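S.K.: I have a structure here, written as structure tokens, and I will follow up with some questions on it.
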Amino acid sequence: MQPFPPARVLNGIAIASEIKAEVATEVAAARAAGYTPGLAVILVGEVPASQIYVRSKVKTCGELGIYSEMHTPSASITTEELLALVDSLNKNDAIDGILIQLPLPPHVDTARLLEAVLPSKDVDGFHPINAGRLLSGAPDSEVLAPCTPAGILEILKRSHIPIAGANAVVLGRSNIVGKPVASMLINASATVTVCHSKTHNLPAVTREADILIAAIGRAGFVHRDMVKPGATIIDVGINRLTGEAEFEQFFPATHPDHATRREGFLKRGSTVIGDVDPAAFAVSGAYTPVPGGVGALTIAMLMSNTVKAAKMRRAFKS
């Protein structure tokens, strides 16, 4: 059997840096036009992982010149009190984007809160009106799309991966990633199949994919025999391996990254893996690593959406 040519690594960190640089330029243009794009983040309670993520968002705003506010109500806040906060931010002209960090406490009505955000300020792209605009094929310049799916499309486009006419398979049907990225791929003229837990003969479906997007939240679920040789793999999953047996399964001594991963595993007691078995990347033509792939784009696209929302609200053209 002929060996597969080396797969190309799609560097999400480098692409995110490109996008941030472009956003900084747009922010400078906005300021020259007399306004500064603004983002408000609502973080309820004290969830360490969410606190770290939100601080990173606020820090990036500062680096790019975007005005930001961070609202940190206690976990005991009621739905009605949160609705009042959202209403005040909806009415604040200095705020172009409102982001509600999920998950919220169980007693809070999450759907009601997300729908209370003005669609024009919904930089997470979760509002039903924005979801409808995306599904209807509205121009990119007029849609606030969810950040992770938008980042996936940027990776494909900036890496010059052909989308039009390609067979794309999406593993996962969530409202946050699976459904919106399927809509975006359709809008880009791909032929799209969405798979899930009820899909029959899944490997036969995935082996037809020119572009395979894994977003199901199961560590190493996509194995080598599920990948069409030369396909592009977009791995959206972020899963933590903590067991010795799991580590050896995915990073055996023969794996090229074994030593590096082993060092980190011993130091931290865990290592991160996507929804794709690392062994499957050898079959692909290109792939996003975990970490360093899709995850790096999420904050960059949030910044991009904030500037887009500001421009849309003010009918500003850069």
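By order in the structure tokens, chains are A, B, ...; within a chain, residues start at 1; ligands start at 1, following the order shown.
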Apply DSSP to the backbone of this structure and, from range 242-298 of chain A, keep only the residues in helix (DSSP H, G or I); write these as a ChimeraX atom specification.

M.R.: /A:244-250,258-268,278-283,295-298

S.K.: Show me, as number ranges by chain, the residues that have an atom within 6 Å of Thr232 in chain A when counting only C-alpha atoms, minus same-chain residues fewer than 2 positions from it.

M.R.: A: 211, 284-287

S.K.: Could you tell me, as an mmCIF file with all heavy atoms, in the first residue's frame, which residues of range 31-187 of chain A DSSP assigns to strand (DSSP E or B) when given the backbone?

M.R.:
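Okay, result_23.cif is ready:
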```cif
data_model
loop_
_atom_site.group_PDB
_atom_site.id
_atom_site.type_symbol
_atom_site.label_atom_id
_atom_site.label_comp_id
_atom_site.auth_asym_id
_atom_site.auth_seq_id
_atom_site.Cartn_x
_atom_site.Cartn_y
_atom_site.Cartn_z
ATOM 1 N N GLY A 38 -18.691 48.405 20.986
ATOM 2 C CA GLY A 38 -18.735 48.035 22.393
ATOM 3 C C GLY A 38 -19.365 46.684 22.630
ATOM 4 O O GLY A 38 -20.364 46.335 21.987
ATOM 5 N N LEU A 39 -18.799 45.911 23.566
ATOM 6 C CA LEU A 39 -19.291 44.574 23.904
ATOM 7 C C LEU A 39 -19.564 44.491 25.401
ATOM 8 O O LEU A 39 -18.723 44.886 26.216
ATOM 9 C CB LEU A 39 -18.249 43.515 23.524
ATOM 10 C CG LEU A 39 -18.551 42.069 23.938
ATOM 11 C CD1 LEU A 39 -19.736 41.515 23.151
ATOM 12 C CD2 LEU A 39 -17.316 41.180 23.739
ATOM 13 N N ALA A 40 -20.727 43.964 25.756
ATOM 14 C CA ALA A 40 -21.071 43.705 27.154
ATOM 15 C C ALA A 40 -21.162 42.201 27.361
ATOM 16 O O ALA A 40 -21.833 41.502 26.591
ATOM 17 C CB ALA A 40 -22.399 44.364 27.518
ATOM 18 N N VAL A 41 -20.479 41.715 28.394
ATOM 19 C CA VAL A 41 -20.487 40.291 28.716
ATOM 20 C C VAL A 41 -21.168 40.102 30.069
ATOM 21 O O VAL A 41 -20.839 40.809 31.032
ATOM 22 C CB VAL A 41 -19.062 39.712 28.764
ATOM 23 C CG1 VAL A 41 -19.104 38.226 29.083
ATOM 24 C CG2 VAL A 41 -18.335 39.960 27.454
ATOM 25 N N ILE A 42 -22.111 39.161 30.117
ATOM 26 C CA ILE A 42 -22.798 38.837 31.365
ATOM 27 C C ILE A 42 -22.327 37.473 31.834
ATOM 28 O O ILE A 42 -22.512 36.473 31.139
ATOM 29 C CB ILE A 42 -24.329 38.841 31.179
ATOM 30 C CG1 ILE A 42 -24.813 40.214 30.714
ATOM 31 C CG2 ILE A 42 -25.031 38.437 32.477
ATOM 32 C CD1 ILE A 42 -26.303 40.257 30.366
ATOM 33 N N TYR A 67 -14.460 48.693 23.154
ATOM 34 C CA TYR A 67 -14.928 48.993 24.507
ATOM 35 C C TYR A 67 -15.644 47.769 25.062
ATOM 36 O O TYR A 67 -16.382 47.092 24.345
ATOM 37 C CB TYR A 67 -15.889 50.188 24.477
ATOM 38 C CG TYR A 67 -16.638 50.394 25.763
ATOM 39 C CD1 TYR A 67 -15.985 50.892 26.900
ATOM 40 C CD2 TYR A 67 -17.989 50.082 25.870
ATOM 41 C CE1 TYR A 67 -16.665 51.076 28.094
ATOM 42 C CE2 TYR A 67 -18.680 50.263 27.056
ATOM 43 C CZ TYR A 67 -18.008 50.754 28.168
ATOM 44 O OH TYR A 67 -18.688 50.916 29.352
ATOM 45 N N SER A 68 -15.421 47.458 26.335
ATOM 46 C CA SER A 68 -16.091 46.292 26.919
ATOM 47 C C SER A 68 -16.571 46.568 28.334
ATOM 48 O O SER A 68 -15.973 47.370 29.060
ATOM 49 C CB SER A 68 -15.172 45.068 26.919
ATOM 50 O OG SER A 68 -14.061 45.269 27.779
ATOM 51 N N GLU A 69 -17.651 45.900 28.689
ATOM 52 C CA GLU A 69 -18.187 45.908 30.041
ATOM 53 C C GLU A 69 -18.373 44.464 30.483
ATOM 54 O O GLU A 69 -18.777 43.614 29.682
ATOM 55 C CB GLU A 69 -19.550 46.604 30.098
ATOM 56 C CG GLU A 69 -19.533 48.076 29.806
ATOM 57 C CD GLU A 69 -20.924 48.695 29.917
ATOM 58 O OE1 GLU A 69 -21.896 47.961 30.233
ATOM 59 O OE2 GLU A 69 -21.047 49.898 29.671
ATOM 60 N N MET A 70 -18.095 44.201 31.753
ATOM 61 C CA MET A 70 -18.292 42.869 32.296
ATOM 62 C C MET A 70 -19.266 42.968 33.470
ATOM 63 O O MET A 70 -19.026 43.688 34.435
ATOM 64 C CB MET A 70 -16.963 42.282 32.764
ATOM 65 C CG MET A 70 -17.030 40.840 33.200
ATOM 66 S SD MET A 70 -15.349 40.198 33.447
ATOM 67 C CE MET A 70 -15.704 38.645 34.257
ATOM 68 N N HIS A 71 -20.389 42.267 33.354
ATOM 69 C CA HIS A 71 -21.410 42.262 34.398
ATOM 70 C C HIS A 71 -21.395 40.901 35.072
ATOM 71 O O HIS A 71 -21.534 39.867 34.391
ATOM 72 C CB HIS A 71 -22.787 42.563 33.805
ATOM 73 C CG HIS A 71 -22.860 43.916 33.156
ATOM 74 N ND1 HIS A 71 -23.307 45.040 33.815
ATOM 75 C CD2 HIS A 71 -22.514 44.341 31.899
ATOM 76 C CE1 HIS A 71 -23.249 46.084 33.008
ATOM 77 N NE2 HIS A 71 -22.763 45.680 31.832
ATOM 78 N N GLY A 97 -22.764 44.799 21.129
ATOM 79 C CA GLY A 97 -22.916 43.358 21.264
ATOM 80 C C GLY A 97 -23.156 42.962 22.705
ATOM 81 O O GLY A 97 -22.547 43.520 23.625
ATOM 82 N N ILE A 98 -24.056 41.993 22.899
ATOM 83 C CA ILE A 98 -24.342 41.457 24.226
ATOM 84 C C ILE A 98 -24.082 39.963 24.197
ATOM 85 O O ILE A 98 -24.636 39.246 23.363
ATOM 86 C CB ILE A 98 -25.801 41.723 24.644
ATOM 87 C CG1 ILE A 98 -26.091 43.224 24.647
ATOM 88 C CG2 ILE A 98 -26.089 41.115 26.027
ATOM 89 C CD1 ILE A 98 -27.569 43.555 24.845
ATOM 90 N N LEU A 99 -23.229 39.504 25.098
ATOM 91 C CA LEU A 99 -22.913 38.089 25.186
ATOM 92 C C LEU A 99 -23.268 37.575 26.580
ATOM 93 O O LEU A 99 -22.820 38.138 27.578
ATOM 94 C CB LEU A 99 -21.428 37.846 24.913
ATOM 95 C CG LEU A 99 -20.968 36.394 24.882
ATOM 96 C CD1 LEU A 99 -19.857 36.226 23.868
ATOM 97 C CD2 LEU A 99 -20.466 35.945 26.253
ATOM 98 N N ILE A 100 -24.101 36.535 26.621
ATOM 99 C CA ILE A 100 -24.464 35.906 27.887
ATOM 100 C C ILE A 100 -23.691 34.595 27.987
ATOM 101 O O ILE A 100 -23.918 33.669 27.199
ATOM 102 C CB ILE A 100 -25.983 35.648 27.962
ATOM 103 C CG1 ILE A 100 -26.740 36.970 27.812
ATOM 104 C CG2 ILE A 100 -26.343 34.957 29.281
ATOM 105 C CD1 ILE A 100 -28.239 36.803 27.658
ATOM 106 N N ASN A 167 -18.540 17.451 -1.021
ATOM 107 C CA ASN A 167 -19.401 16.688 -0.118
ATOM 108 C C ASN A 167 -18.940 16.967 1.308
ATOM 109 O O ASN A 167 -17.796 16.651 1.665
ATOM 110 C CB ASN A 167 -19.306 15.186 -0.401
ATOM 111 C CG ASN A 167 -20.003 14.792 -1.677
ATOM 112 O OD1 ASN A 167 -21.006 15.389 -2.053
ATOM 113 N ND2 ASN A 167 -19.478 13.798 -2.357
ATOM 114 N N ALA A 168 -19.811 17.581 2.103
ATOM 115 C CA ALA A 168 -19.475 17.905 3.491
ATOM 116 C C ALA A 168 -20.355 17.079 4.419
ATOM 117 O O ALA A 168 -21.571 17.004 4.231
ATOM 118 C CB ALA A 168 -19.673 19.391 3.760
ATOM 119 N N VAL A 169 -19.745 16.456 5.409
ATOM 120 C CA VAL A 169 -20.483 15.694 6.404
ATOM 121 C C VAL A 169 -20.249 16.343 7.762
ATOM 122 O O VAL A 169 -19.103 16.566 8.166
ATOM 123 C CB VAL A 169 -20.048 14.215 6.437
ATOM 124 C CG1 VAL A 169 -20.693 13.486 7.619
ATOM 125 C CG2 VAL A 169 -20.416 13.526 5.128
ATOM 126 N N VAL A 170 -21.339 16.656 8.456
ATOM 127 C CA VAL A 170 -21.284 17.259 9.782
ATOM 128 C C VAL A 170 -21.728 16.227 10.804
ATOM 129 O O VAL A 170 -22.861 15.715 10.723
ATOM 130 C CB VAL A 170 -22.189 18.509 9.866
ATOM 131 C CG1 VAL A 170 -22.130 19.121 11.259
ATOM 132 C CG2 VAL A 170 -21.792 19.538 8.805
ATOM 133 N N LEU A 171 -20.863 15.899 11.741
ATOM 134 C CA LEU A 171 -21.218 14.986 12.825
ATOM 135 C C LEU A 171 -21.673 15.818 14.013
ATOM 136 O O LEU A 171 -20.873 16.476 14.661
ATOM 137 C CB LEU A 171 -20.017 14.130 13.235
ATOM 138 C CG LEU A 171 -19.430 13.186 12.188
ATOM 139 C CD1 LEU A 171 -18.266 12.409 12.782
ATOM 140 C CD2 LEU A 171 -20.497 12.228 11.695
#
```

S.K.: Hey, can you check how far CA of Leu83 in chain A sits from CA of Leu114 in chain A?

M.R.: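 Between these atoms lies a distance of 9.4 Å.
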
S.K.: For the interface of range 224-302 of chain A with range 11-30 of chain A (cut-off 10 Å, counting only C-alpha atoms), please tabulate each contacting residue of range 224-302 of chain A alongside its nearest pair of atoms and their separation in Å to one decimal, rows sorted by chain and increasing number, as a tab-separated table.

M.R.:
```
residue	atom	partner	partner_atom	distance
A:Tyr287	CA	A:Asn11	CA	8.8
A:Thr288	CA	A:Asn11	CA	6.7
A:Pro289	CA	A:Asn11	CA	7.5
A:Val290	CA	A:Gly12	CA	9.6
A:Pro291	CA	A:Gly12	CA	9.0
A:Gly292	CA	A:Gly12	CA	5.5
A:Gly293	CA	A:Gly12	CA	4.1
A:Val294	CA	A:Gly12	CA	5.8
A:Gly295	CA	A:Gly12	CA	7.5
A:Ala296	CA	A:Ile13	CA	5.4
A:Leu297	CA	A:Ala16	CA	5.1
A:Thr298	CA	A:Ala16	CA	8.4
A:Ile299	CA	A:Ala16	CA	8.3
A:Ala300	CA	A:Ala16	CA	5.7
A:Met301	CA	A:Ile19	CA	7.7
```

S.K.: Generate a file of the selected residues that holds all heavy atoms, formatted as a short mmCIF file (atom, residue, chain, number, x, y, z; two decimals), in the first residue's frame.

M.R.:
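Contents of the output file again37.cif:
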```
data_model
loop_
_atom_site.label_atom_id
_atom_site.label_comp_id
_atom_site.auth_asym_id
_atom_site.auth_seq_id
_atom_site.Cartn_x
_atom_site.Cartn_y
_atom_site.Cartn_z
N TYR A 287 -6.07 19.03 8.24
CA TYR A 287 -6.87 18.87 9.46
C TYR A 287 -6.57 19.99 10.45
O TYR A 287 -5.51 20.63 10.39
CB TYR A 287 -6.59 17.53 10.14
CG TYR A 287 -5.20 17.40 10.74
CD1 TYR A 287 -4.96 17.71 12.07
CD2 TYR A 287 -4.12 16.96 9.96
CE1 TYR A 287 -3.69 17.60 12.62
CE2 TYR A 287 -2.85 16.84 10.50
CZ TYR A 287 -2.64 17.16 11.84
OH TYR A 287 -1.39 17.05 12.37
N THR A 288 -7.52 20.22 11.35
CA THR A 288 -7.32 21.17 12.44
C THR A 288 -6.89 20.41 13.68
O THR A 288 -7.54 19.44 14.07
CB THR A 288 -8.59 21.96 12.76
OG1 THR A 288 -9.65 21.05 13.09
CG2 THR A 288 -9.02 22.81 11.58
N PRO A 289 -5.79 20.81 14.31
CA PRO A 289 -5.34 20.12 15.51
C PRO A 289 -6.16 20.53 16.73
O PRO A 289 -6.88 21.53 16.71
CB PRO A 289 -3.89 20.60 15.65
CG PRO A 289 -3.92 21.99 15.08
CD PRO A 289 -4.91 21.93 13.94
N VAL A 290 -6.05 19.73 17.78
CA VAL A 290 -6.64 20.08 19.08
C VAL A 290 -5.57 19.84 20.13
O VAL A 290 -5.10 18.71 20.28
CB VAL A 290 -7.88 19.20 19.38
CG1 VAL A 290 -8.43 19.55 20.76
CG2 VAL A 290 -8.96 19.36 18.32
N PRO A 291 -5.14 20.92 20.83
CA PRO A 291 -5.58 22.31 20.68
C PRO A 291 -4.90 22.99 19.48
O PRO A 291 -4.07 22.38 18.82
CB PRO A 291 -5.12 22.94 22.00
CG PRO A 291 -3.89 22.15 22.37
CD PRO A 291 -4.18 20.73 21.93
N GLY A 292 -5.27 24.25 19.26
CA GLY A 292 -4.63 25.03 18.21
C GLY A 292 -5.39 25.10 16.91
O GLY A 292 -4.87 25.61 15.92
N GLY A 293 -6.63 24.61 16.91
CA GLY A 293 -7.43 24.60 15.68
C GLY A 293 -8.64 25.50 15.79
O GLY A 293 -8.52 26.73 15.93
N VAL A 294 -9.82 24.89 15.76
CA VAL A 294 -11.08 25.64 15.75
C VAL A 294 -11.24 26.52 16.99
O VAL A 294 -11.70 27.66 16.90
CB VAL A 294 -12.28 24.68 15.63
CG1 VAL A 294 -13.60 25.43 15.75
CG2 VAL A 294 -12.22 23.93 14.29
N GLY A 295 -10.85 25.99 18.15
CA GLY A 295 -11.03 26.74 19.39
C GLY A 295 -10.40 28.11 19.38
O GLY A 295 -10.91 29.06 20.00
N ALA A 296 -9.29 28.25 18.66
CA ALA A 296 -8.59 29.53 18.61
C ALA A 296 -9.39 30.60 17.87
O ALA A 296 -9.16 31.80 18.07
CB ALA A 296 -7.24 29.34 17.93
N LEU A 297 -10.34 30.17 17.04
CA LEU A 297 -11.10 31.12 16.23
C LEU A 297 -12.30 31.73 16.96
O LEU A 297 -12.81 32.78 16.55
CB LEU A 297 -11.62 30.42 14.96
CG LEU A 297 -10.74 30.41 13.71
CD1 LEU A 297 -10.59 31.79 13.13
CD2 LEU A 297 -9.41 29.77 13.96
N THR A 298 -12.78 31.09 18.02
CA THR A 298 -14.05 31.50 18.62
C THR A 298 -14.02 32.94 19.11
O THR A 298 -14.92 33.74 18.81
CB THR A 298 -14.43 30.55 19.77
OG1 THR A 298 -14.50 29.22 19.26
CG2 THR A 298 -15.78 30.91 20.35
N ILE A 299 -12.98 33.31 19.87
CA ILE A 299 -12.91 34.69 20.38
C ILE A 299 -12.67 35.67 19.24
O ILE A 299 -13.24 36.77 19.21
CB ILE A 299 -11.84 34.81 21.47
CG1 ILE A 299 -12.29 34.06 22.73
CG2 ILE A 299 -11.55 36.27 21.80
CD1 ILE A 299 -11.30 34.10 23.87
N ALA A 300 -11.86 35.29 18.27
CA ALA A 300 -11.61 36.17 17.12
C ALA A 300 -12.91 36.48 16.39
O ALA A 300 -13.15 37.63 15.99
CB ALA A 300 -10.60 35.52 16.17
N MET A 301 -13.77 35.47 16.22
CA MET A 301 -15.03 35.69 15.52
C MET A 301 -16.01 36.50 16.37
O MET A 301 -16.84 37.23 15.84
CB MET A 301 -15.65 34.35 15.11
CG MET A 301 -14.81 33.56 14.11
SD MET A 301 -14.16 34.53 12.72
CE MET A 301 -15.69 35.12 11.97
#
```

S.K.: Using Å and a single decimal, report how far CA of His107 in chain A sits from CA of Ile77 in chain A.

M.R.: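 Those two atoms sit 9.1 Å apart.
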
S.K.: Taking 5 positions as the minimum chain separation for residues in the same chain, which residues sit within 9 Å of Ser174 in chain A when counting only C-alpha atoms? Answer as JSON, numbers by chain.

M.R.: {"A": [179, 180, 215, 216]}

S.K.: Which of these residues is nearest to Ala138 in chain A, using only C-alpha atoms: A:Ala309, A:Val86, A:Met184, A:Val117?

M.R.: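 Once distances to Ala138 in chain A are computed over only C-alpha atoms, the minimum belongs to A:Met184.
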
S.K.: Which residue gives the smallest distance to Leu156 in chain A among A:Asp109, A:Glu142, A:Asp277, A:Asp210, with only C-alpha atoms counted?

M.R.: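 Of all the options, A:Asp210 lies closest to Leu156 in chain A.
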
S.K.: So that I can check the surroundings of Ile186 in chain A, please list as JSON, numbers by chain every protein, DNA and RNA residue that reaches within 12 Å of it, counting only C-alpha atoms and ignoring chain neighbours fewer than 2 positions away.

M.R.: {"A": [134, 135, 136, 137, 138, 153, 163, 164, 165, 166, 167, 168, 169, 170, 179, 180, 181, 182, 183, 184, 188, 189, 190, 191, 192, 193, 194]}

S.K.: Counting only C-alpha atoms, which of A:His255, A:Arg218, A:Lys311, A:Arg31 gets nearest to Ser120 in chain A?

M.R.: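 So, comparing all the options, the nearest one is A:Lys311.
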